[in-house]
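Student: Okay, so here is final-v5.txt, and as you'll see once you scroll down, it has compact mmCIF, C-alpha atoms.
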```txt
# COMPACT_ATOMS: atom_id res chain seq x y z
CA MET A 1 -19.21 85.44 -11.72
CA GLN A 2 -20.07 82.04 -10.33
CA GLU A 3 -19.07 81.08 -6.80
CA LEU A 4 -15.77 79.31 -6.33
CA GLN A 5 -15.95 75.61 -7.11
CA PRO A 6 -13.73 72.81 -5.72
CA GLU A 7 -12.03 72.02 -9.03
CA TYR A 8 -12.51 75.17 -11.09
CA ASN A 9 -12.11 78.58 -9.51
CA GLU A 10 -12.81 81.95 -11.11
CA LEU A 11 -12.37 85.40 -9.66
CA ARG A 12 -13.09 88.96 -10.77
CA ILE A 13 -10.41 91.38 -9.53
CA SER A 14 -11.20 95.11 -9.40
CA VAL A 15 -8.60 97.79 -10.10
CA PRO A 16 -7.62 100.87 -8.05
CA GLU A 17 -9.36 104.16 -8.91
CA LYS A 18 -6.14 105.34 -10.57
CA PHE A 19 -6.64 102.72 -13.29
CA ALA A 20 -10.45 102.91 -13.50
CA ASN A 21 -10.33 104.46 -17.00
CA VAL A 22 -7.77 101.91 -18.19
CA PHE A 23 -9.12 98.51 -17.14
CA THR A 24 -12.65 97.49 -16.21
CA HIS A 25 -11.32 94.54 -14.20
CA PHE A 26 -9.04 91.50 -14.28
CA TYR A 27 -10.36 87.96 -14.57
CA PHE A 28 -8.61 84.95 -13.01
CA ALA A 29 -9.54 81.31 -13.59
CA GLU A 30 -7.79 78.09 -12.61
CA ASN A 31 -8.46 74.45 -13.30
CA ILE A 32 -7.13 72.35 -10.41
CA SER A 33 -8.89 69.18 -11.51
CA ASP A 34 -7.45 66.22 -13.41
CA HIS A 35 -9.46 66.86 -16.56
CA PRO A 36 -9.83 69.78 -19.02
CA VAL A 37 -12.56 72.34 -18.37
CA THR A 38 -14.28 74.22 -21.20
CA LYS A 39 -16.23 77.45 -20.77
CA LYS A 40 -17.93 79.85 -23.17
CA LEU A 41 -16.98 83.52 -22.80
CA LEU A 42 -19.62 86.09 -23.67
CA PRO A 43 -18.54 88.96 -25.95
CA THR A 44 -17.33 92.08 -24.14
CA TYR A 45 -16.42 94.51 -26.94
CA GLN A 46 -13.18 94.94 -25.05
CA THR A 47 -9.65 94.09 -26.10
CA ILE A 48 -8.15 91.55 -23.72
CA LEU A 49 -4.60 90.68 -22.72
CA LEU A 50 -4.37 87.10 -21.49
CA PHE A 51 -1.56 85.38 -19.59
CA CYS A 52 -1.55 81.58 -19.33
CA PHE A 53 0.29 79.54 -16.67
CA GLY A 54 0.71 75.77 -16.83
CA GLU A 55 -0.12 73.89 -20.01
CA SER A 56 -1.23 75.80 -23.09
CA ALA A 57 -4.85 76.90 -22.94
CA SER A 58 -6.89 76.89 -26.13
CA MET A 59 -9.56 79.09 -27.68
CA THR A 60 -12.14 77.99 -30.24
CA THR A 61 -14.04 80.53 -32.33
CA ARG A 62 -17.53 80.04 -33.71
CA GLU A 63 -15.89 79.20 -37.07
CA ASN A 64 -14.16 76.30 -35.22
CA THR A 65 -10.76 77.94 -35.51
CA LYS A 66 -8.66 76.66 -32.60
CA ILE A 67 -5.85 78.79 -31.17
CA SER A 68 -3.31 77.61 -28.64
CA VAL A 69 -2.18 80.12 -26.01
CA ASP A 70 1.23 79.32 -24.60
CA LYS A 71 2.30 82.33 -22.49
CA CYS A 72 0.32 85.41 -23.49
CA MET A 73 -1.85 86.81 -26.26
CA VAL A 74 -3.96 89.85 -27.10
CA SER A 75 -7.34 89.68 -28.81
CA GLY A 76 -10.21 92.00 -29.54
CA PRO A 77 -12.39 93.79 -29.42
CA VAL A 78 -14.20 90.58 -28.49
CA ARG A 79 -17.32 90.87 -30.66
CA GLN A 80 -18.62 87.31 -30.44
CA ALA A 81 -18.53 84.53 -27.90
CA PHE A 82 -15.79 81.90 -27.99
CA GLU A 83 -14.97 78.79 -26.02
CA TYR A 84 -11.79 78.44 -23.99
CA THR A 85 -10.38 75.25 -22.54
CA LEU A 86 -8.08 75.05 -19.54
CA PRO A 87 -6.04 71.83 -19.22
CA PRO A 88 -5.52 70.32 -15.76
CA ARG A 89 -3.52 72.49 -13.33
CA THR A 90 -3.60 75.51 -15.65
CA SER A 91 -4.64 79.08 -14.88
CA ILE A 92 -5.24 82.28 -16.83
CA LEU A 93 -5.17 85.95 -15.89
CA VAL A 94 -7.02 88.32 -18.23
CA ALA A 95 -6.74 92.10 -18.36
CA ASN A 96 -9.84 93.77 -19.82
CA PHE A 97 -9.03 97.12 -21.43
CA LYS A 98 -11.64 99.86 -21.03
CA ASP A 99 -12.83 102.02 -23.93
CA ASN A 100 -9.76 103.18 -25.90
CA ALA A 101 -7.13 102.16 -23.31
CA PHE A 102 -5.65 99.55 -25.67
CA PHE A 103 -5.03 102.34 -28.22
CA ARG A 104 -3.34 104.36 -25.49
CA PHE A 105 -0.87 101.52 -24.91
CA PHE A 106 -0.17 100.32 -28.42
CA GLY A 107 -1.24 103.15 -30.73
CA LYS A 108 -3.02 102.52 -34.01
CA PHE A 109 -3.23 98.80 -34.64
CA SER A 110 -5.83 96.89 -36.61
CA MET A 111 -7.01 93.50 -35.36
CA GLU A 112 -8.83 92.88 -38.63
CA ASN A 113 -8.16 89.40 -40.04
CA LYS A 114 -6.38 88.51 -36.78
CA VAL A 115 -8.13 86.54 -34.08
CA VAL A 116 -5.23 86.79 -31.67
CA THR A 117 -1.63 87.93 -31.67
CA HIS A 118 1.28 88.00 -29.27
CA PRO A 119 1.57 91.43 -27.58
CA ASP A 120 5.34 91.54 -28.13
CA GLU A 121 4.60 91.83 -31.85
CA LEU A 122 2.90 95.17 -31.20
CA LEU A 123 5.88 96.68 -29.37
CA GLU A 124 8.61 94.89 -31.35
CA GLU A 125 10.31 93.85 -28.13
CA ASN A 126 10.04 90.93 -25.71
CA CYS A 127 8.73 92.85 -22.70
CA PHE A 128 5.50 90.84 -22.36
CA THR A 129 7.35 87.55 -22.43
CA SER A 130 9.51 88.96 -19.64
CA VAL A 131 6.39 90.03 -17.73
CA TRP A 132 4.95 86.53 -18.11
CA GLN A 133 8.14 85.09 -16.61
CA GLN A 134 7.88 87.48 -13.66
CA LEU A 135 4.19 86.73 -13.17
CA SER A 136 4.82 82.97 -13.22
CA GLU A 137 6.86 83.38 -10.05
CA ILE A 138 3.99 85.16 -8.22
CA THR A 139 1.41 82.85 -6.68
CA SER A 140 -1.32 85.34 -5.72
CA PRO A 141 -3.63 86.59 -8.53
CA THR A 142 -4.06 89.96 -6.82
CA ALA A 143 -0.29 90.33 -6.51
CA GLN A 144 0.01 89.46 -10.21
CA VAL A 145 -2.48 92.22 -11.01
CA ASP A 146 -0.47 94.71 -8.93
CA HIS A 147 2.64 93.75 -10.88
CA ILE A 148 0.89 94.29 -14.22
CA LEU A 149 -0.43 97.69 -13.14
CA LYS A 150 3.07 98.86 -12.18
CA PHE A 151 4.41 97.66 -15.52
CA CYS A 152 1.62 99.35 -17.50
CA SER A 153 2.24 102.72 -15.87
CA LEU A 154 5.46 103.01 -17.88
CA TYR A 155 3.71 102.65 -21.26
CA LEU A 156 0.31 104.32 -20.84
CA LYS A 157 -0.30 107.48 -22.85
CA GLU A 158 -2.72 110.22 -21.83
CA GLN A 159 -6.20 110.05 -23.30
CA ASP A 160 -6.76 112.82 -25.88
CA SER A 161 -9.73 115.18 -25.62
CA THR A 162 -11.80 113.46 -28.31
CA GLY A 163 -11.26 110.07 -26.70
CA GLN A 164 -12.34 111.49 -23.34
CA LEU A 165 -15.55 112.86 -24.84
CA LEU A 166 -16.35 109.59 -26.60
CA SER A 167 -15.70 107.61 -23.41
CA SER A 168 -17.86 109.78 -21.19
CA PHE A 169 -20.80 110.47 -23.53
CA GLU A 170 -23.94 109.02 -21.92
CA ASN A 171 -27.01 110.72 -23.45
CA GLU A 172 -28.63 107.87 -25.40
CA HIS A 173 -31.16 110.27 -26.93
CA LEU A 174 -28.53 112.33 -28.74
CA SER A 175 -25.99 111.44 -31.40
CA ALA A 176 -22.55 111.32 -29.77
CA ILE A 177 -20.83 111.78 -33.12
CA LYS A 178 -22.83 114.89 -33.98
CA VAL A 179 -22.58 116.48 -30.52
CA ILE A 180 -18.83 115.87 -30.19
CA ALA A 181 -18.17 117.04 -33.74
CA GLU A 182 -19.93 120.34 -33.00
CA GLU A 183 -18.21 120.72 -29.62
CA THR A 184 -14.72 120.09 -31.02
CA ARG A 185 -15.32 121.79 -34.40
CA GLN A 186 -14.46 118.66 -36.32
CA THR A 187 -16.37 116.88 -39.06
CA GLU A 188 -18.63 113.99 -38.11
CA ARG A 189 -16.59 111.74 -40.42
CA ASN A 190 -13.43 112.61 -38.50
CA ILE A 191 -15.09 111.74 -35.16
CA GLN A 192 -16.36 108.46 -36.62
CA ARG A 193 -12.83 107.67 -37.83
CA LYS A 194 -11.35 108.37 -34.38
CA GLN A 195 -14.04 106.26 -32.70
CA LYS A 196 -13.23 103.29 -34.94
CA GLU A 197 -9.47 103.82 -34.74
CA GLN A 198 -9.20 104.28 -30.98
CA PHE A 199 -11.98 101.99 -29.74
CA GLY A 200 -12.00 99.34 -32.47
CA TYR A 201 -15.75 99.51 -33.11
CA SER A 202 -18.45 101.94 -34.22
CA LEU A 203 -21.08 103.49 -31.96
CA LYS A 204 -23.75 101.57 -33.89
CA GLU A 205 -22.00 98.29 -33.03
CA ILE A 206 -21.63 99.07 -29.33
CA SER A 207 -25.24 100.25 -29.09
CA ARG A 208 -26.46 96.89 -30.40
CA TYR A 209 -24.15 95.06 -28.01
CA GLN A 210 -25.32 97.08 -25.00
CA ARG A 211 -28.93 96.22 -25.84
CA PHE A 212 -28.03 92.53 -25.92
CA LEU A 213 -26.06 92.86 -22.67
CA LYS A 214 -29.07 94.46 -20.99
CA ALA A 215 -31.16 91.43 -21.97
CA ILE A 216 -28.52 89.10 -20.54
CA LYS A 217 -28.46 91.04 -17.27
CA ILE A 218 -32.24 90.80 -16.89
CA ILE A 219 -32.12 87.06 -17.54
CA GLU A 220 -29.38 86.60 -14.94
CA GLU A 221 -31.30 88.64 -12.37
CA GLU A 222 -34.52 86.68 -12.91
CA THR A 223 -32.87 83.27 -12.83
CA SER A 224 -30.93 84.17 -9.67
CA LYS A 225 -34.32 84.82 -8.01
CA GLN A 226 -35.65 81.57 -9.54
CA ASN A 227 -38.29 83.55 -11.41
CA PRO A 228 -39.54 82.46 -14.85
CA VAL A 229 -38.07 84.59 -17.66
CA GLN A 230 -40.68 86.85 -19.24
CA TRP A 231 -39.37 87.11 -22.80
CA PHE A 232 -41.85 89.71 -24.01
CA ALA A 233 -41.06 91.93 -21.03
CA ILE A 234 -37.36 91.71 -21.98
CA ILE A 235 -38.18 92.56 -25.60
CA ASP A 236 -40.07 95.64 -24.47
CA GLU A 237 -37.57 96.80 -21.83
CA CYS A 238 -34.51 96.38 -24.08
CA GLY A 239 -36.05 98.03 -27.13
CA TYR A 240 -36.31 95.03 -29.45
CA TYR A 241 -38.87 95.15 -32.26
CA ASP A 242 -40.02 91.59 -31.71
CA GLN A 243 -38.95 88.13 -30.55
CA SER A 244 -37.16 87.33 -33.80
CA GLN A 245 -34.84 90.33 -33.37
CA LEU A 246 -33.97 89.19 -29.84
CA ILE A 247 -33.21 85.69 -31.12
CA HIS A 248 -31.14 87.15 -33.96
CA ASP A 249 -28.95 89.08 -31.52
CA PHE A 250 -28.36 85.97 -29.40
CA ARG A 251 -27.38 84.06 -32.53
CA HIS A 252 -25.12 86.89 -33.64
CA PHE A 253 -23.25 87.37 -30.36
CA ILE A 254 -23.13 83.88 -28.81
CA ASN A 255 -24.40 81.55 -31.58
CA ILE A 256 -27.18 80.04 -29.45
CA SER A 257 -30.85 80.89 -28.89
CA PRO A 258 -32.14 82.62 -25.73
CA ALA A 259 -33.64 79.30 -24.58
CA GLN A 260 -30.30 77.54 -25.09
CA TYR A 261 -28.59 80.30 -23.10
CA LEU A 262 -30.86 79.51 -20.17
CA LYS A 263 -30.05 75.81 -20.48
CA PHE A 264 -26.28 76.25 -20.61
CA GLN A 265 -25.98 79.31 -18.37
CA GLN A 266 -23.72 77.58 -15.83
CA ASP A 267 -21.16 76.88 -18.55
CA ILE A 268 -21.09 80.50 -19.73
CA CYS A 269 -18.84 83.15 -18.24
CA ASN A 270 -20.15 86.72 -18.29
CA PRO A 271 -17.19 88.98 -17.44
CA LYS A 272 -19.54 91.98 -17.26
CA SER A 273 -21.32 90.50 -14.25
CA LYS A 274 -20.60 92.13 -10.91
```
What do you get writing this file as structure tokens?
Tutor:
Amino acid sequence: MQELQPEYNELRISVPEKFANVFTHFYFAENISDHPVTKKLLPTYQTILLFCFGESASMTTRENTKISVDKCMVSGPVRQAFEYTLPPRTSILVANFKDNAFFRFFGKFSMENKVVTHPDELLEENCFTSVWQQLSEITSPTAQVDHILKFCSLYLKEQDSTGQLLSSFENEHLSAIKVIAEETRQTERNIQRKQKEQFGYSLKEISRYQRFLKAIKIIEEETSKQNPVQWFAIIDECGYYDQSQLIHDFRHFINISPAQYLKFQQDICNPKSK
């Protein structure tokens, strides 16, 4: 993340080891200026739970659909970039679910045809509105995160064996679906169904995203060293066929070209950055 600024602060908050397979991190941002601030959020392929404090924040999708966030909302998996606007003296706290952790909280739930929803709709009770009220009385972002973690402990279900195997599979040269199907004596179709149901995306989708994310990471590393970006080296290192495929992925995920990403990099938040 960027360094703290006088009028707009953002902070990445890590989680204790106990919750390392539940959340990747929490993200806090606050606008303490007298004017709205708009940022573009890169896709994460994670489901997010967002709490808003102050005036209603807003999100704008690439289709120019604008959503107002009053207290809290859940969205994801976040497949494409979107813009968010924080009004003056407004802050947000975002929980980023890891792998199939969202499924472990809420069970089977399809986000298809829904950009965002209120989390209370998933549990059919007002517990998240109550959590928002409790969080609004806590001034420290890290203390807010601690409060959320204690609350989540009551609802989290254990990860099943198939989910564990899908989460931990790392051999990029082998088919995870085929290997896990053989290991668990299930059909490949059944493993594919569980992957989509529990994680919200297919392995083909996440593989394409990880390739794009690798390209983003290289760009960030080179620009931080003030080195010129070697596009053909990125194409080769990330496994792209050619320059047009690289450009196509940038258009697909963040709706701008690689060159435009360089130009507007300061206005783009990459929650995967360390």
Student: Which value, in Å to one decimal, gives the distance between atom CA of Val37 of chain A and atom CA of Ser58 of chain A?
Tutor: 10.6 Å
Student: Neighbouring residues of Phe26 of chain A were defined as those with any atom within 10 Å, considering only C-alpha atoms; residues of the same chain fewer than 3 positions away were excluded. Please report them as a VMD selection string.
Tutor: chain A and resid 11 to 15 23 48 to 50 93 to 97 141 to 142 145 271
Student: Quick one: residues within 8 Å of segment 244-259 of chain A, all atoms listed in the file, excluding same-chain residues fewer than 6 positions away - as a ChimeraX atom specification?
Tutor: /A:42-43,62,79-82,212,235
Student: Within 10 Å of Gln134 of chain A, counting all atoms listed in the file, which residues qualify if same-chain residues fewer than 6 places away don't, as a list in words?
Tutor: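 Those residues are Phe128, Gln144, His147 and Ile148 of chain A.
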Student: Measuring atom to atom with all atoms listed in the file, identify which of A:Leu149, A:Ala57, A:Cys72, A:Ile67 is nearest to His25 of chain A.
Tutor: A:Leu149
Student: Find, counting all atoms listed in the file, the residue in A:Thr85, A:Gln133, A:Thr44, A:Ser161 that gets nearest to Thr60 of chain A.
Tutor: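 With all atoms listed in the file as the atom set, the closest residue is A:Thr85.
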Student: Using all atoms listed in the file, give me every residue within 7 Å of (-13.7, 80.7, -25.5) in file coordinates, as a PyMOL selection string.
Tutor: chain A and resi 39-41+59-61+81-84
Student: Skipping near chain neighbours, those fewer than 3 positions away, what residues fall within 7 Å of segment 177-182 of chain A using all atoms listed in the file, listed as an NGL selection string?
Tutor: :A and (165 or 185-188 or 191-192)
Student: For Pro228 of chain A, which residue among A:Val78, A:Leu262, A:Ala29, A:Cys152 is the nearest when counting all atoms listed in the file?
Tutor: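 Ranking A:Val78, A:Leu262, A:Ala29, A:Cys152 by distance to Pro228 of chain A, first place goes to A:Leu262.
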Student: Determine the nearest neighbour of Thr162 of chain A from the options A:Asn64, A:Ser136, A:Gln198, A:Thr38, counting all atoms listed in the file.
Tutor: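 So, comparing all the options, the nearest one is A:Gln198.
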Student: Can you list, as a list of chain:residue names, every protein, DNA or RNA residue that comes within 8 Å of Cys52 of chain A when you count only C-alpha atoms, leaving out same-chain residues fewer than 4 positions away?
Tutor: A:Ser56, A:Ala57, A:Val69, A:Asp70, A:Lys71, A:Cys72, A:Thr90, A:Ser91, A:Ile92, A:Leu93
Student: Can you work out the spacing between atom CA of Asp146 of chain A and atom CA of Pro16 of chain A in Å, to one decimal?
Tutor: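 Atom CA of Pro16 of chain A lies 9.5 Å from atom CA of Asp146 of chain A.
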Student: For the atom pair atom CA of Lys98 of chain A and atom CA of Lys204 of chain A, what is the interatomic distance in Å to one decimal place?
Tutor: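 Computed distance, atom CA of Lys98 of chain A to atom CA of Lys204 of chain A, equals 17.7 Å.
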Student: Nearest to Phe102 of chain A: which of A:Glu158, A:Glu55, A:Glu63, A:Glu10 is it, counting only C-alpha atoms?
Tutor: A:Glu158
Student: Would you fill out segment 244-255 of chain A with all heavy atoms and return it as a short mmCIF file (atom, residue, chain, number, x, y, z; two decimals), in the coordinates of the input?
Tutor:
```cif
data_model
loop_
_atom_site.label_atom_id
_atom_site.label_comp_id
_atom_site.auth_asym_id
_atom_site.auth_seq_id
_atom_site.Cartn_x
_atom_site.Cartn_y
_atom_site.Cartn_z
N SER A 244 -38.15 87.78 -32.80
CA SER A 244 -37.16 87.33 -33.80
C SER A 244 -35.90 88.17 -33.76
O SER A 244 -34.79 87.67 -33.96
CB SER A 244 -37.78 87.36 -35.20
OG SER A 244 -38.12 88.69 -35.57
N GLN A 245 -36.03 89.48 -33.46
CA GLN A 245 -34.84 90.33 -33.37
C GLN A 245 -34.01 89.97 -32.15
O GLN A 245 -32.77 89.98 -32.19
CB GLN A 245 -35.24 91.80 -33.33
CG GLN A 245 -34.03 92.74 -33.49
CD GLN A 245 -34.40 94.19 -33.37
OE1 GLN A 245 -35.35 94.55 -32.67
NE2 GLN A 245 -33.66 95.06 -34.04
N LEU A 246 -34.69 89.64 -31.04
CA LEU A 246 -33.97 89.19 -29.84
C LEU A 246 -33.20 87.91 -30.14
O LEU A 246 -32.01 87.79 -29.80
CB LEU A 246 -34.97 88.96 -28.71
CG LEU A 246 -34.41 88.33 -27.42
CD1 LEU A 246 -33.48 89.30 -26.71
CD2 LEU A 246 -35.54 87.90 -26.49
N ILE A 247 -33.86 86.95 -30.77
CA ILE A 247 -33.21 85.69 -31.12
C ILE A 247 -32.03 85.93 -32.06
O ILE A 247 -30.96 85.33 -31.91
CB ILE A 247 -34.22 84.71 -31.76
CG1 ILE A 247 -35.28 84.32 -30.74
CG2 ILE A 247 -33.52 83.48 -32.32
CD1 ILE A 247 -36.43 83.51 -31.32
N HIS A 248 -32.20 86.85 -32.99
CA HIS A 248 -31.14 87.15 -33.96
C HIS A 248 -29.90 87.68 -33.26
O HIS A 248 -28.77 87.31 -33.60
CB HIS A 248 -31.64 88.17 -34.98
CG HIS A 248 -30.69 88.40 -36.12
ND1 HIS A 248 -29.75 89.43 -36.10
CD2 HIS A 248 -30.49 87.74 -37.28
CE1 HIS A 248 -29.04 89.40 -37.20
NE2 HIS A 248 -29.46 88.39 -37.94
N ASP A 249 -30.10 88.54 -32.26
CA ASP A 249 -28.95 89.08 -31.52
C ASP A 249 -28.24 87.99 -30.74
O ASP A 249 -27.00 87.97 -30.66
CB ASP A 249 -29.39 90.20 -30.58
CG ASP A 249 -29.24 91.57 -31.22
OD1 ASP A 249 -29.01 91.64 -32.44
OD2 ASP A 249 -29.37 92.59 -30.51
N PHE A 250 -28.99 87.08 -30.12
CA PHE A 250 -28.36 85.97 -29.40
C PHE A 250 -27.55 85.11 -30.36
O PHE A 250 -26.43 84.69 -30.04
CB PHE A 250 -29.42 85.13 -28.68
CG PHE A 250 -29.70 85.58 -27.27
CD1 PHE A 250 -30.47 86.71 -27.02
CD2 PHE A 250 -29.18 84.89 -26.19
CE1 PHE A 250 -30.72 87.14 -25.73
CE2 PHE A 250 -29.43 85.30 -24.88
CZ PHE A 250 -30.19 86.44 -24.66
N ARG A 251 -28.11 84.83 -31.53
CA ARG A 251 -27.38 84.06 -32.53
C ARG A 251 -26.13 84.79 -32.99
O ARG A 251 -25.07 84.18 -33.19
CB ARG A 251 -28.29 83.78 -33.74
CG ARG A 251 -29.48 82.89 -33.45
CD ARG A 251 -29.07 81.44 -33.29
NE ARG A 251 -30.24 80.56 -33.19
CZ ARG A 251 -30.16 79.27 -32.87
NH1 ARG A 251 -28.98 78.73 -32.60
NH2 ARG A 251 -31.25 78.54 -32.80
N HIS A 252 -26.25 86.10 -33.15
CA HIS A 252 -25.12 86.89 -33.64
C HIS A 252 -23.98 86.93 -32.63
O HIS A 252 -22.81 86.74 -33.00
CB HIS A 252 -25.58 88.32 -33.94
CG HIS A 252 -24.47 89.27 -34.27
ND1 HIS A 252 -23.84 89.29 -35.50
CD2 HIS A 252 -23.83 90.23 -33.52
CE1 HIS A 252 -22.89 90.20 -35.50
NE2 HIS A 252 -22.86 90.79 -34.31
N PHE A 253 -24.30 87.16 -31.36
CA PHE A 253 -23.25 87.37 -30.36
C PHE A 253 -22.73 86.07 -29.76
O PHE A 253 -21.52 85.96 -29.48
CB PHE A 253 -23.75 88.29 -29.25
CG PHE A 253 -23.88 89.73 -29.66
CD1 PHE A 253 -25.13 90.33 -29.73
CD2 PHE A 253 -22.77 90.48 -29.98
CE1 PHE A 253 -25.25 91.66 -30.10
CE2 PHE A 253 -22.87 91.81 -30.36
CZ PHE A 253 -24.12 92.41 -30.42
N ILE A 254 -23.60 85.09 -29.49
CA ILE A 254 -23.13 83.88 -28.81
C ILE A 254 -23.50 82.58 -29.53
O ILE A 254 -23.22 81.50 -29.03
CB ILE A 254 -23.64 83.83 -27.35
CG1 ILE A 254 -25.17 83.90 -27.29
CG2 ILE A 254 -23.06 84.97 -26.55
CD1 ILE A 254 -25.70 83.81 -25.85
N ASN A 255 -24.13 82.70 -30.71
CA ASN A 255 -24.40 81.55 -31.58
C ASN A 255 -25.32 80.51 -30.94
O ASN A 255 -25.25 79.33 -31.27
CB ASN A 255 -23.09 80.88 -32.01
CG ASN A 255 -23.25 80.09 -33.30
OD1 ASN A 255 -24.08 80.44 -34.14
ND2 ASN A 255 -22.47 79.02 -33.46
#
```
